[in-house]
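Next up, target.txt (compact mmCIF, C-alpha atoms and all ligand atoms):
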# COMPACT_ATOMS: atom_id res chain seq x y z
CA MET A 43 -13.96 2.42 23.47
CA LEU A 44 -15.75 0.29 26.06
CA HIS A 45 -12.51 -0.32 27.95
CA ARG A 46 -11.73 3.38 27.91
CA ILE A 47 -15.19 4.25 29.18
CA TYR A 48 -14.95 1.62 31.91
CA ASN A 49 -11.60 2.90 33.11
CA GLN A 50 -12.18 6.63 32.71
CA VAL A 51 -15.83 7.35 33.49
CA PRO A 52 -16.76 6.45 37.09
CA PHE A 53 -20.49 6.48 36.23
CA TYR A 54 -20.00 3.71 33.66
CA LYS A 55 -17.65 1.67 35.85
CA THR A 56 -20.38 1.59 38.48
CA ILE A 57 -23.00 0.61 35.89
CA PHE A 58 -20.86 -2.24 34.54
CA ASP A 59 -19.93 -3.51 37.99
CA LYS A 60 -23.47 -3.27 39.34
CA ASN A 61 -24.78 -5.32 36.42
CA SER A 62 -21.84 -7.77 36.60
CA ILE A 63 -20.87 -6.97 33.02
CA HIS A 64 -17.34 -6.43 31.83
CA PRO A 65 -16.45 -4.55 28.63
CA GLN A 66 -15.19 -7.88 27.27
CA ASP A 67 -18.74 -9.24 27.42
CA ILE A 68 -19.84 -6.74 24.75
CA LYS A 69 -18.62 -8.40 21.56
CA SER A 70 -21.00 -6.82 19.04
CA VAL A 71 -23.40 -3.93 18.84
CA GLU A 72 -26.23 -6.38 19.53
CA ASP A 73 -24.63 -7.13 22.91
CA LEU A 74 -25.15 -3.49 23.87
CA SER A 75 -28.67 -4.45 24.89
CA LYS A 76 -27.12 -6.13 27.95
CA LEU A 77 -26.41 -2.63 29.26
CA PRO A 78 -28.89 -0.30 30.93
CA PHE A 79 -29.75 3.04 29.32
CA THR A 80 -28.01 6.29 30.10
CA LYS A 81 -30.54 9.05 30.77
CA LYS A 82 -30.39 12.81 30.90
CA SER A 83 -30.80 12.68 34.69
CA ASP A 84 -27.54 10.66 34.89
CA LEU A 85 -25.75 13.46 33.05
CA ARG A 86 -27.22 16.00 35.44
CA ASP A 87 -25.94 14.03 38.40
CA TYR A 88 -22.40 14.43 37.06
CA TYR A 89 -22.75 18.14 36.18
CA PRO A 90 -20.71 19.79 34.81
CA PHE A 91 -17.75 17.64 33.70
CA GLY A 92 -18.13 14.35 35.56
CA MET A 93 -19.04 12.34 32.45
CA PHE A 94 -15.97 13.43 30.48
CA ALA A 95 -13.73 10.51 29.55
CA GLU A 96 -10.70 12.69 28.83
CA PRO A 97 -8.80 15.15 31.03
CA MET A 98 -9.54 18.85 30.56
CA ASN A 99 -6.21 19.44 28.82
CA SER A 100 -7.48 17.26 25.93
CA ILE A 101 -10.78 19.14 25.64
CA ARG A 102 -10.96 21.71 22.86
CA ARG A 103 -14.58 22.86 23.14
CA ILE A 104 -17.49 22.79 25.57
CA HIS A 105 -21.16 23.17 24.66
CA ALA A 106 -24.29 23.02 26.77
CA SER A 107 -27.96 22.51 26.09
CA SER A 108 -30.51 24.12 28.31
CA GLY A 109 -33.21 21.73 29.32
CA THR A 110 -36.64 22.76 30.48
CA THR A 111 -35.68 22.26 34.10
CA GLY A 112 -32.57 22.77 36.18
CA LYS A 113 -28.98 22.92 35.11
CA PRO A 114 -27.94 22.54 31.48
CA THR A 115 -26.34 19.39 30.07
CA VAL A 116 -22.66 20.02 29.46
CA VAL A 117 -20.75 18.23 26.70
CA GLY A 118 -17.08 18.28 25.66
CA TYR A 119 -15.07 17.55 22.52
CA THR A 120 -11.47 16.57 21.87
CA LYS A 121 -9.74 17.66 18.65
CA ASN A 122 -10.69 14.30 17.15
CA ASP A 123 -14.33 14.73 18.24
CA LEU A 124 -14.44 18.13 16.55
CA ASP A 125 -13.09 16.51 13.36
CA ILE A 126 -15.89 13.94 13.54
CA PHE A 127 -18.42 16.74 14.15
CA ASP A 128 -17.15 18.57 11.04
CA GLU A 129 -17.27 15.34 9.05
CA VAL A 130 -20.87 14.42 9.90
CA VAL A 131 -22.10 17.99 9.36
CA ALA A 132 -20.24 18.23 6.02
CA ARG A 133 -21.93 14.97 4.96
CA SER A 134 -25.27 16.31 6.10
CA LEU A 135 -24.83 19.51 4.11
CA VAL A 136 -24.04 17.55 0.92
CA CYS A 137 -27.05 15.35 1.59
CA GLY A 138 -29.16 18.52 1.84
CA GLY A 139 -27.94 19.79 -1.55
CA ALA A 140 -24.93 21.95 -0.57
CA LYS A 141 -21.69 21.88 -2.54
CA PRO A 142 -18.20 23.30 -2.05
CA GLY A 143 -18.07 26.86 -3.32
CA MET A 144 -21.59 27.68 -2.18
CA LYS A 145 -22.33 30.21 0.56
CA LEU A 146 -24.08 29.09 3.75
CA HIS A 147 -26.36 31.53 5.55
CA ASN A 148 -26.03 30.06 9.04
CA ALA A 149 -28.93 31.28 11.14
CA TYR A 150 -28.60 28.72 13.93
CA GLY A 151 -27.64 30.38 17.19
CA TYR A 152 -23.92 30.69 17.93
CA GLY A 153 -22.88 30.13 21.51
CA LEU A 154 -23.36 27.28 23.93
CA PHE A 155 -26.04 25.82 21.61
CA THR A 156 -24.39 23.33 19.22
CA GLY A 157 -26.33 24.49 16.13
CA GLY A 158 -24.33 27.56 15.09
CA LEU A 159 -20.76 26.40 15.60
CA GLY A 160 -21.62 22.83 14.57
CA MET A 161 -22.93 23.84 11.15
CA HIS A 162 -20.11 26.36 10.83
CA GLY A 163 -17.38 23.73 11.23
CA GLY A 164 -18.98 21.27 8.82
CA ALA A 165 -19.54 23.92 6.15
CA THR A 166 -15.94 25.08 6.46
CA LYS A 167 -14.74 21.51 6.05
CA LEU A 168 -16.90 21.09 2.98
CA GLY A 169 -15.40 24.21 1.40
CA MET A 170 -18.34 26.54 1.71
CA ALA A 171 -18.19 30.24 2.55
CA VAL A 172 -19.96 30.53 5.90
CA ILE A 173 -21.98 33.63 6.74
CA PRO A 174 -22.27 33.40 10.55
CA VAL A 175 -25.49 35.39 10.91
CA SER A 176 -26.70 33.48 14.01
CA GLY A 177 -30.38 33.64 15.02
CA GLY A 178 -32.67 36.65 15.30
CA MET A 179 -32.54 40.21 13.95
CA THR A 180 -34.79 39.32 11.05
CA ASP A 181 -34.27 42.61 9.18
CA ARG A 182 -30.57 41.93 8.92
CA GLN A 183 -31.20 38.32 7.88
CA LEU A 184 -33.34 39.51 4.99
CA THR A 185 -30.75 42.05 3.85
CA ILE A 186 -28.06 39.37 3.86
CA LEU A 187 -30.27 36.92 1.98
CA GLN A 188 -30.78 39.53 -0.71
CA ASP A 189 -27.30 41.06 -0.90
CA PHE A 190 -24.88 38.22 -0.09
CA GLU A 191 -26.85 35.79 -2.28
CA PRO A 192 -26.26 32.57 -0.30
CA GLU A 193 -27.34 29.33 -1.98
CA VAL A 194 -27.98 27.48 1.29
CA ILE A 195 -29.65 28.52 4.53
CA CYS A 196 -29.80 26.62 7.79
CA CYS A 197 -32.05 27.49 10.72
CA THR A 198 -34.93 26.04 12.71
CA PRO A 199 -38.03 25.21 10.61
CA SER A 200 -40.07 27.68 12.66
CA TYR A 201 -37.57 30.45 11.91
CA ALA A 202 -37.69 29.55 8.21
CA GLN A 203 -41.46 30.07 8.50
CA THR A 204 -40.82 33.49 10.03
CA LEU A 205 -38.43 34.41 7.21
CA ALA A 206 -40.95 33.27 4.59
CA THR A 207 -43.72 35.29 6.24
CA GLU A 208 -41.54 38.39 6.57
CA CYS A 209 -40.46 38.21 2.92
CA LYS A 210 -44.10 38.10 1.88
CA LYS A 211 -45.01 40.96 4.18
CA ARG A 212 -42.24 43.16 2.78
CA GLY A 213 -42.90 42.22 -0.84
CA ILE A 214 -39.50 40.55 -1.27
CA ASP A 215 -39.61 38.42 -4.40
CA THR A 216 -38.19 35.14 -3.09
CA GLU A 217 -38.01 33.71 -6.59
CA ALA A 218 -35.37 36.31 -7.32
CA LEU A 219 -33.26 35.27 -4.33
CA ASN A 220 -30.29 32.97 -4.91
CA ILE A 221 -31.27 30.64 -2.08
CA LYS A 222 -31.88 27.03 -3.19
CA TYR A 223 -31.58 24.74 -0.18
CA ALA A 224 -32.80 25.03 3.41
CA ILE A 225 -31.45 22.63 6.03
CA LEU A 226 -33.84 22.70 8.94
CA GLY A 227 -33.82 21.05 12.34
CA ALA A 228 -33.47 21.33 16.11
CA GLU A 229 -37.24 20.89 16.62
CA PRO A 230 -40.00 18.62 15.29
CA TRP A 231 -41.65 19.62 11.99
CA THR A 232 -43.83 17.98 9.37
CA GLU A 233 -44.71 18.19 5.67
CA ALA A 234 -47.03 21.13 6.45
CA ILE A 235 -44.06 23.34 7.30
CA ARG A 236 -41.98 21.89 4.48
CA THR A 237 -44.64 22.97 1.97
CA GLN A 238 -44.92 26.45 3.49
CA VAL A 239 -41.15 27.01 3.55
CA GLU A 240 -40.46 25.51 0.13
CA GLN A 241 -43.14 27.65 -1.47
CA GLY A 242 -42.45 30.74 0.62
CA LEU A 243 -38.68 30.85 0.15
CA HIS A 244 -38.40 28.92 -3.15
CA VAL A 245 -36.06 26.33 -1.68
CA THR A 246 -35.72 22.59 -1.31
CA ALA A 247 -36.03 21.99 2.43
CA THR A 248 -34.54 18.98 4.23
CA ASN A 249 -34.41 17.78 7.80
CA ILE A 250 -31.28 17.73 9.95
CA TYR A 251 -31.46 16.01 13.33
CA GLY A 252 -29.12 15.87 16.26
CA LEU A 253 -28.61 16.47 19.94
CA SER A 254 -25.79 17.95 21.96
CA GLU A 255 -25.21 14.81 23.99
CA ILE A 256 -24.49 12.73 20.89
CA ILE A 257 -22.58 15.47 19.00
CA GLY A 258 -24.95 18.29 17.97
CA PRO A 259 -26.50 18.72 14.51
CA GLY A 260 -25.49 16.05 11.99
CA VAL A 261 -26.54 12.86 13.72
CA SER A 262 -28.88 12.30 10.78
CA GLN A 263 -29.92 14.14 7.63
CA GLU A 264 -32.51 13.81 4.90
CA ASP A 265 -31.38 13.69 1.26
CA PHE A 266 -32.66 16.53 -0.92
CA GLU A 267 -33.72 14.06 -3.61
CA GLU A 268 -35.43 11.67 -1.20
CA ARG A 269 -37.51 14.07 0.86
CA GLY A 270 -40.15 12.51 3.04
CA THR A 271 -38.45 9.10 3.23
CA GLY A 272 -36.49 9.70 6.44
CA SER A 273 -33.04 10.93 7.41
CA TYR A 274 -29.82 8.95 7.05
CA VAL A 275 -28.28 8.19 10.44
CA TRP A 276 -24.47 8.43 10.29
CA GLU A 277 -24.33 5.03 11.91
CA ASP A 278 -20.58 4.60 11.47
CA HIS A 279 -20.36 7.06 14.39
CA PHE A 280 -23.73 6.77 16.13
CA TYR A 281 -25.38 3.38 16.58
CA PRO A 282 -29.17 3.72 16.80
CA GLU A 283 -31.74 1.49 18.50
CA ILE A 284 -35.48 1.94 18.89
CA VAL A 285 -36.84 0.76 22.20
CA ASP A 286 -40.23 0.45 23.80
CA ARG A 287 -40.84 3.55 25.91
CA ASP A 288 -42.33 1.57 28.77
CA THR A 289 -40.37 -1.70 28.83
CA GLY A 290 -37.10 -0.57 27.21
CA GLU A 291 -37.19 -3.66 24.99
CA VAL A 292 -35.43 -3.28 21.60
CA LEU A 293 -38.06 -3.03 18.88
CA PRO A 294 -37.79 -4.38 15.32
CA TYR A 295 -37.09 -2.04 12.39
CA GLY A 296 -40.13 -0.03 11.38
CA GLU A 297 -41.70 0.12 14.83
CA GLU A 298 -42.09 3.40 16.61
CA GLY A 299 -40.43 3.96 19.96
CA VAL A 300 -37.73 5.90 21.77
CA LEU A 301 -34.53 6.53 19.85
CA VAL A 302 -31.40 5.42 21.70
CA PHE A 303 -27.83 6.09 20.57
CA THR A 304 -24.42 4.67 21.38
CA THR A 305 -21.50 6.76 20.21
CA LEU A 306 -18.91 4.55 18.50
CA THR A 307 -16.01 6.92 17.94
CA LYS A 308 -16.25 9.82 20.39
CA GLU A 309 -13.46 10.42 22.89
CA ALA A 310 -14.42 13.17 25.34
CA PHE A 311 -18.10 12.43 25.83
CA PRO A 312 -18.86 8.84 24.86
CA LEU A 313 -22.34 7.59 25.68
CA LEU A 314 -23.71 4.07 25.86
CA ARG A 315 -27.37 3.57 24.99
CA TYR A 316 -28.34 7.19 25.51
CA TRP A 317 -32.10 7.60 25.87
CA THR A 318 -32.84 10.61 23.60
CA ASN A 319 -36.53 10.67 24.55
CA ASP A 320 -37.30 11.36 20.85
CA ILE A 321 -40.00 9.21 19.28
CA CYS A 322 -39.45 7.78 15.78
CA SER A 323 -38.72 4.54 13.89
CA ILE A 324 -35.64 3.34 11.98
CA ASN A 325 -35.38 1.20 8.87
CA TYR A 326 -33.15 0.44 5.90
CA ASP A 327 -34.52 1.80 2.63
CA LYS A 328 -33.59 -0.57 -0.20
CA ASN A 329 -34.30 2.02 -2.88
CA ALA A 330 -32.16 4.69 -1.28
CA LYS A 331 -29.05 6.35 -2.69
CA ARG A 332 -26.99 5.61 0.39
CA THR A 333 -26.49 2.51 2.52
CA HIS A 334 -26.99 4.02 5.99
CA ILE A 335 -30.12 3.28 7.97
CA LYS A 336 -32.85 5.95 7.92
CA MET A 337 -34.87 7.34 10.80
CA SER A 338 -38.36 8.74 10.35
CA SER A 339 -39.04 12.33 11.31
CA ILE A 340 -39.43 12.87 15.05
CA LYS A 341 -43.01 12.80 16.20
CA GLY A 342 -42.09 14.55 19.44
CA ARG A 343 -40.25 14.04 22.68
CA ALA A 344 -41.68 11.42 25.00
CA ASP A 345 -41.77 13.98 27.83
CA ASP A 346 -43.63 16.48 25.65
CA MET A 347 -46.41 14.04 24.86
CA LEU A 348 -49.72 15.32 26.14
CA ILE A 349 -52.24 12.88 27.54
CA ILE A 350 -55.63 14.41 26.99
CA ARG A 351 -58.59 12.43 28.32
CA GLY A 352 -56.54 9.26 27.93
CA VAL A 353 -55.45 10.00 24.35
CA ASN A 354 -51.73 10.48 23.66
CA LEU A 355 -51.07 13.64 21.70
CA PHE A 356 -47.99 15.11 20.03
CA TYR A 357 -48.37 18.57 18.56
CA THR A 358 -47.01 17.33 15.22
CA GLN A 359 -50.23 15.31 14.83
CA VAL A 360 -52.22 18.56 14.77
CA GLU A 361 -49.69 20.01 12.32
CA GLU A 362 -50.32 17.06 10.00
CA VAL A 363 -54.05 17.76 10.02
CA ILE A 364 -53.42 21.44 9.29
CA GLN A 365 -51.49 20.35 6.17
CA GLU A 366 -54.69 18.82 4.78
CA MET A 367 -56.74 22.00 5.13
CA ASP A 368 -56.06 24.24 2.17
CA PHE A 369 -57.40 27.34 3.96
CA LEU A 370 -54.81 27.17 6.76
CA VAL A 371 -51.11 27.89 7.18
CA PRO A 372 -49.09 25.93 9.77
CA ASN A 373 -48.56 28.92 12.06
CA TYR A 374 -50.23 27.52 15.16
CA GLN A 375 -50.20 27.07 18.88
CA LEU A 376 -51.82 24.54 21.19
CA VAL A 377 -53.10 25.94 24.48
CA VAL A 378 -53.68 23.28 27.13
CA SER A 379 -55.79 24.10 30.17
CA ARG A 380 -57.63 22.27 32.90
CA VAL A 381 -61.25 22.74 33.75
CA GLY A 382 -62.10 20.79 36.90
CA THR A 383 -60.41 17.47 36.27
CA MET A 384 -60.68 17.68 32.48
CA ASP A 385 -57.76 18.74 30.28
CA LYS A 386 -58.71 20.80 27.26
CA VAL A 387 -56.79 21.73 24.13
CA LYS A 388 -57.41 24.87 22.15
CA VAL A 389 -55.90 25.03 18.65
CA ARG A 390 -55.04 28.53 17.52
CA VAL A 391 -54.14 28.47 13.85
CA GLU A 392 -53.79 31.11 11.15
CA VAL A 393 -55.87 31.15 7.99
CA LYS A 394 -54.39 31.93 4.58
CA SER A 395 -54.56 35.54 3.51
CA GLY A 396 -57.94 36.34 2.03
CA VAL A 397 -59.76 33.76 4.18
CA ASP A 398 -62.22 34.96 6.83
CA PRO A 399 -61.08 33.67 10.26
CA LEU A 400 -64.67 33.83 11.48
CA ASN A 401 -65.84 31.34 8.84
CA GLU A 402 -67.79 28.75 10.88
CA ASP A 403 -67.72 26.20 8.11
CA PHE A 404 -63.90 26.14 8.02
CA LYS A 405 -63.78 25.95 11.79
CA ASN A 406 -66.10 22.93 11.79
CA GLN A 407 -64.11 21.26 9.02
CA LEU A 408 -60.96 21.45 11.11
CA LEU A 409 -62.78 20.34 14.26
CA SER A 410 -64.15 17.20 12.64
CA LYS A 411 -60.90 16.38 10.85
CA ILE A 412 -59.04 16.52 14.17
CA LYS A 413 -61.73 14.44 15.83
CA ASN A 414 -61.60 11.80 13.09
CA THR A 415 -57.83 11.52 12.82
CA ILE A 416 -56.65 12.13 16.39
CA GLY A 417 -59.76 11.09 18.28
CA LEU A 418 -60.11 14.23 20.38
CA SER A 419 -62.44 17.19 20.39
CA MET A 420 -60.52 20.42 20.56
CA GLU A 421 -61.58 24.01 20.72
CA ILE A 422 -60.73 25.71 17.43
CA GLN A 423 -59.76 29.34 17.12
CA LEU A 424 -59.01 30.45 13.56
CA GLU A 425 -56.86 33.55 13.50
CA ALA A 426 -55.97 36.21 10.97
CA PRO A 427 -52.64 35.83 9.12
CA GLU A 428 -49.57 36.90 11.13
CA SER A 429 -51.38 37.02 14.47
CA ILE A 430 -49.70 34.09 16.22
CA PRO A 431 -46.14 34.75 17.39
CA GLY A 432 -43.57 32.78 15.39
CA SER A 433 -39.91 31.99 16.03
CA GLU A 434 -37.60 34.93 16.54
CA GLY A 435 -34.56 32.86 15.71
CA GLY A 436 -34.48 29.66 17.73
CA LYS A 437 -36.68 26.76 18.74
CA LEU A 438 -40.36 27.67 18.96
CA LYS A 439 -42.64 26.66 21.80
CA ARG A 440 -45.80 25.39 20.12
CA VAL A 441 -47.58 24.21 23.25
CA ILE A 442 -48.67 26.66 25.91
CA ASP A 443 -49.49 24.62 28.98
CA GLN A 444 -51.68 26.58 31.36
CA ARG A 445 -52.39 23.68 33.67
CA VAL A 446 -51.25 23.96 37.25
CA LEU A 447 -50.00 20.43 37.81
O1 LIG B 1 -30.96 20.94 18.66
C1 LIG B 1 -28.89 20.13 17.72
C2 LIG B 1 -29.29 20.61 16.39
C3 LIG B 1 -28.95 21.87 15.99
C4 LIG B 1 -29.99 19.77 15.51
C5 LIG B 1 -29.29 22.32 14.72
C6 LIG B 1 -30.31 20.19 14.25
C7 LIG B 1 -29.97 21.47 13.87
P1 LIG B 1 -30.15 20.21 21.45
O2 LIG B 1 -30.33 21.65 21.71
O3 LIG B 1 -29.35 19.40 22.40
O4 LIG B 1 -29.43 20.00 20.07
O5 LIG B 1 -31.58 19.58 21.30
C8 LIG B 1 -31.73 18.24 20.92
O6 LIG B 1 -33.82 18.74 19.79
O7 LIG B 1 -33.31 15.54 21.27
C9 LIG B 1 -34.81 16.62 19.67
O8 LIG B 1 -35.78 16.56 20.67
C10 LIG B 1 -34.79 18.01 19.06
N1 LIG B 1 -34.41 17.96 17.64
C11 LIG B 1 -33.22 18.23 17.09
N2 LIG B 1 -33.29 18.09 15.75
C12 LIG B 1 -34.56 17.72 15.45
C13 LIG B 1 -35.27 17.42 14.26
C14 LIG B 1 -29.88 20.41 18.84
N3 LIG B 1 -34.71 17.52 13.07
C15 LIG B 1 -33.20 17.90 20.77
N4 LIG B 1 -36.56 17.04 14.37
C16 LIG B 1 -33.42 16.50 20.26
C17 LIG B 1 -37.15 16.95 15.57
C18 LIG B 1 -35.27 17.62 16.67
N5 LIG B 1 -36.56 17.23 16.72
Can you give me the file's structure in the form of structure tokens?
Amino acid sequence: MLHRIYNQVPFYKTIFDKNSIHPQDIKSVEDLSKLPFTKKSDLRDYYPFGMFAEPMNSIRRIHASSGTTGKPTVVGYTKNDLDIFDEVVARSLVCGGAKPGMKLHNAYGYGLFTGGLGMHGGATKLGMAVIPVSGGMTDRQLTILQDFEPEVICCTPSYAQTLATECKKRGIDTEALNIKYAILGAEPWTEAIRTQVEQGLHVTATNIYGLSEIIGPGVSQEDFEERGTGSYVWEDHFYPEIVDRDTGEVLPYGEEGVLVFTTLTKEAFPLLRYWTNDICSINYDKNAKRTHIKMSSIKGRADDMLIIRGVNLFYTQVEEVIQEMDFLVPNYQLVVSRVGTMDKVKVRVEVKSGVDPLNEDFKNQLLSKIKNTIGLSMEIQLEAPESIPGSEGGKLKRVIDQRVL
């Protein structure tokens, strides 16, 4: 693969030559650390197809992920890459509880986003009946959940929250639904949302992780019987490293840092040491069912980390505190603003039905819990149930940044 990359991707040839490294010098995965990282900005520089290692007549599909700024990142797949994609997603589905013969309600968006078609291909390979609902149109989603009786649903965790809330609002008895497993990913989420979704939809909910650049969904997946212990990385295809976000130094297992992947088998869009910007740790779990390494859930993206009065903050940390407050549901939003030179965070979070949002005691409880665990004072605004906008189908923006930077 290294020789192919060297000869067919000008970006990598330059990198190797500039660092006086030849593909022959990389004799093991450990030797990869001799190479510099590949970053999203490098991909942008070669927009749209300049990073492809195969000619267009070998490409069978193109996807793109829209970043927060500028042009999207474009990725391509050969026939063999699509087979690998199907394979890792099929594995992920099994890991999440799915079996051949079951129906998959696929509520990830179809289109340039890798979620919809990625899950679709893997489920087909596994022998499931795919219902390609795509995201949004919640009324129709609920009808299909009731009438088509799928056993498995996949969507973003925030959209699963929306579905749970809407079922409750409409008096749909979720215990009577056939749905058993929810495979949720594409954005960070914590145990708070797992509890809400599992109780709200009567499912076993697991985490699926991935990114377009590496393949799409199905880079790693949590096992339905080992929830909360991390997600298996399909490391026969994607070699993970955790590196220090400032120095780039490879960190030992168990330490938190930036997740970096090298694709080992991809043809059209191979990447060496791709800097995902996602923060987590990796480790082997000796008591696990499978032998692959596990990655912890993603705390957030390095570029989404807020620095508030010198304290680093990921929104998932607030979500974790919400989990401990039995009067709250994890429907929330962080509003960041600047007063003078001071950044301020307001937490808007919904109370459970029947709880008074004006209850000062509850407000103070949350305030001091956040102060004690995160080390920051935040403004708290408790809100009535169903008053904070949730996901309408895709990834949800939890942080509203009002600062003019
Ligand atoms: O979100 C692929 C995907 C689709 C994964 C469906 C899972 C399910 P992108 O649009 O390229 O691809 O976004 C990738 O989303 O770098 C993470 O920051 C975030 N992300 C994806 N899965 C998770 C997860 C798809 N389970 C970016 N937990 C990644 C936390 C996630 N963050």
Using Å and a single decimal, report how far atom CA of Ala224 of chain A sits from atom CA of Ile186 of chain A. 15.1 Å
Taking a cut-off of 7 Å and counting all atoms listed in the file, can you build a table that, for each residue of chain A near ligand LIG 1 (chain B), reports the nearest atom pair and how far apart they are in Å (one decimal), sorted by chain then residue number, as a Markdown table?
| residue | atom | partner | partner_atom | distance |
| --- | --- | --- | --- | --- |
| A:Ser107 | CA | B:LIG1 | O3 | 5.0 |
| A:Tyr150 | CA | B:LIG1 | C5 | 6.5 |
| A:Phe155 | CA | B:LIG1 | O2 | 6.0 |
| A:Thr156 | CA | B:LIG1 | C1 | 5.7 |
| A:Gly157 | CA | B:LIG1 | C3 | 3.7 |
| A:Thr198 | CA | B:LIG1 | C7 | 6.8 |
| A:Leu226 | CA | B:LIG1 | C7 | 6.4 |
| A:Gly227 | CA | B:LIG1 | N3 | 3.7 |
| A:Ala228 | CA | B:LIG1 | C11 | 3.3 |
| A:Glu229 | CA | B:LIG1 | N5 | 3.7 |
| A:Pro230 | CA | B:LIG1 | C17 | 3.3 |
| A:Trp231 | CA | B:LIG1 | N4 | 6.2 |
| A:Asn249 | CA | B:LIG1 | N3 | 5.3 |
| A:Ile250 | CA | B:LIG1 | N3 | 4.6 |
| A:Tyr251 | CA | B:LIG1 | N3 | 3.6 |
| A:Gly252 | CA | B:LIG1 | C4 | 4.1 |
| A:Leu253 | CA | B:LIG1 | O4 | 3.6 |
| A:Ser254 | CA | B:LIG1 | O3 | 3.9 |
| A:Glu255 | CA | B:LIG1 | O3 | 6.4 |
| A:Gly258 | CA | B:LIG1 | C1 | 4.4 |
| A:Pro259 | CA | B:LIG1 | C4 | 3.8 |
| A:Gly260 | CA | B:LIG1 | C6 | 6.7 |
| A:Thr318 | CA | B:LIG1 | O7 | 5.5 |
| A:Asn319 | CA | B:LIG1 | O7 | 6.7 |
| A:Asp320 | CA | B:LIG1 | O8 | 5.4 |
| A:Ser339 | CA | B:LIG1 | N4 | 6.1 |
| A:Ile340 | CA | B:LIG1 | C17 | 4.7 |
| A:Gly342 | CA | B:LIG1 | C17 | 6.7 |
| A:Arg343 | CA | B:LIG1 | O8 | 5.5 |
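Closest to Leu400 of chain A among A:Ala426, A:Met170, A:Asp128, A:Ile214 is A:Ala426, based on only C-alpha atoms.
Counting from atom CA of Glu191 of chain A, the distance to atom CA of Leu146 of chain A is 9.4 Å.
Across A:Phe58, A:Tyr201, A:Phe79, A:Tyr88, the tightest approach to Asn373 of chain A is made by A:Tyr201 when counting all atoms listed in the file.
Shortest atom-to-atom contact with Ser134 of chain A among A:Ser262, A:Thr271, A:Ser323, A:Ser338: A:Ser262, counting only C-alpha atoms.
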Residue neighbourhood Asp278 of chain A, 9 Å, all atoms listed in the file, exclusion window fewer than 2 positions, as JSON, numbers by chain: {"A": [275, 276, 280, 281, 306, 307, 334]}
Near-Gln183 of chain A list (12 Å; all atoms listed in the file; drop same-chain fewer than 4 positions) as a list in words: His147, Asn148, Ala149, Tyr150, Ile173, Pro174, Val175, Ser176, Gly177, Gly178, Met179, Leu187, Gln188, Asp189, Phe190, Glu191, Pro192, Ile195, Cys196, Cys197, Tyr201, Ala202, Thr204, Leu205, Ala206, Glu208, Cys209, Glu434 and Gly435 of chain A
Expected file: the selected residues, C-alpha atoms, as an mmCIF file, keeping the file's coordinate frame:
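Written output follows (result.cif):
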data_model
loop_
_atom_site.group_PDB
_atom_site.id
_atom_site.type_symbol
_atom_site.label_atom_id
_atom_site.label_comp_id
_atom_site.auth_asym_id
_atom_site.auth_seq_id
_atom_site.Cartn_x
_atom_site.Cartn_y
_atom_site.Cartn_z
ATOM 1 C CA HIS A 147 -26.360 31.530 5.550
ATOM 2 C CA ASN A 148 -26.030 30.060 9.040
ATOM 3 C CA ALA A 149 -28.930 31.280 11.140
ATOM 4 C CA TYR A 150 -28.600 28.720 13.930
ATOM 5 C CA ILE A 173 -21.980 33.630 6.740
ATOM 6 C CA PRO A 174 -22.270 33.400 10.550
ATOM 7 C CA VAL A 175 -25.490 35.390 10.910
ATOM 8 C CA SER A 176 -26.700 33.480 14.010
ATOM 9 C CA GLY A 177 -30.380 33.640 15.020
ATOM 10 C CA GLY A 178 -32.670 36.650 15.300
ATOM 11 C CA MET A 179 -32.540 40.210 13.950
ATOM 12 C CA LEU A 187 -30.270 36.920 1.980
ATOM 13 C CA GLN A 188 -30.780 39.530 -0.710
ATOM 14 C CA ASP A 189 -27.300 41.060 -0.900
ATOM 15 C CA PHE A 190 -24.880 38.220 -0.090
ATOM 16 C CA GLU A 191 -26.850 35.790 -2.280
ATOM 17 C CA PRO A 192 -26.260 32.570 -0.300
ATOM 18 C CA ILE A 195 -29.650 28.520 4.530
ATOM 19 C CA CYS A 196 -29.800 26.620 7.790
ATOM 20 C CA CYS A 197 -32.050 27.490 10.720
ATOM 21 C CA TYR A 201 -37.570 30.450 11.910
ATOM 22 C CA ALA A 202 -37.690 29.550 8.210
ATOM 23 C CA THR A 204 -40.820 33.490 10.030
ATOM 24 C CA LEU A 205 -38.430 34.410 7.210
ATOM 25 C CA ALA A 206 -40.950 33.270 4.590
ATOM 26 C CA GLU A 208 -41.540 38.390 6.570
ATOM 27 C CA CYS A 209 -40.460 38.210 2.920
ATOM 28 C CA GLU A 434 -37.600 34.930 16.540
ATOM 29 C CA GLY A 435 -34.560 32.860 15.710
#
Axis-aligned box for segment 280-285 of chain A, 5 Å per side, centre and edges in Å as lines of an AutoDock Vina configuration file:
center_x = -30.3
center_y = 3.8
center_z = 19.2
size_x = 23.1
size_y = 16.0
size_z = 16.1
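One finds atom CA of Ala344 of chain A at 18.4 Å from atom CA of Asp385 of chain A.
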For Ala95 of chain A, find every residue with an atom within 6 Å (counting only C-alpha atoms), except residues of its own chain fewer than 2 positions away, and show them as a compact mmCIF listing (two decimals) with C-alpha atoms, keeping the file's coordinate frame.
# COMPACT_ATOMS: atom_id res chain seq x y z
CA GLN A 50 -12.18 6.63 32.71
CA VAL A 51 -15.83 7.35 33.49
CA ALA A 310 -14.42 13.17 25.34
Which residues, written as number ranges by chain, have at least one atom at most 10 Å from Ser429 of chain A, with all atoms listed in the file counted and residues fewer than 3 positions away on the same chain left out? A: 373-374, 390-393, 425-426, 432
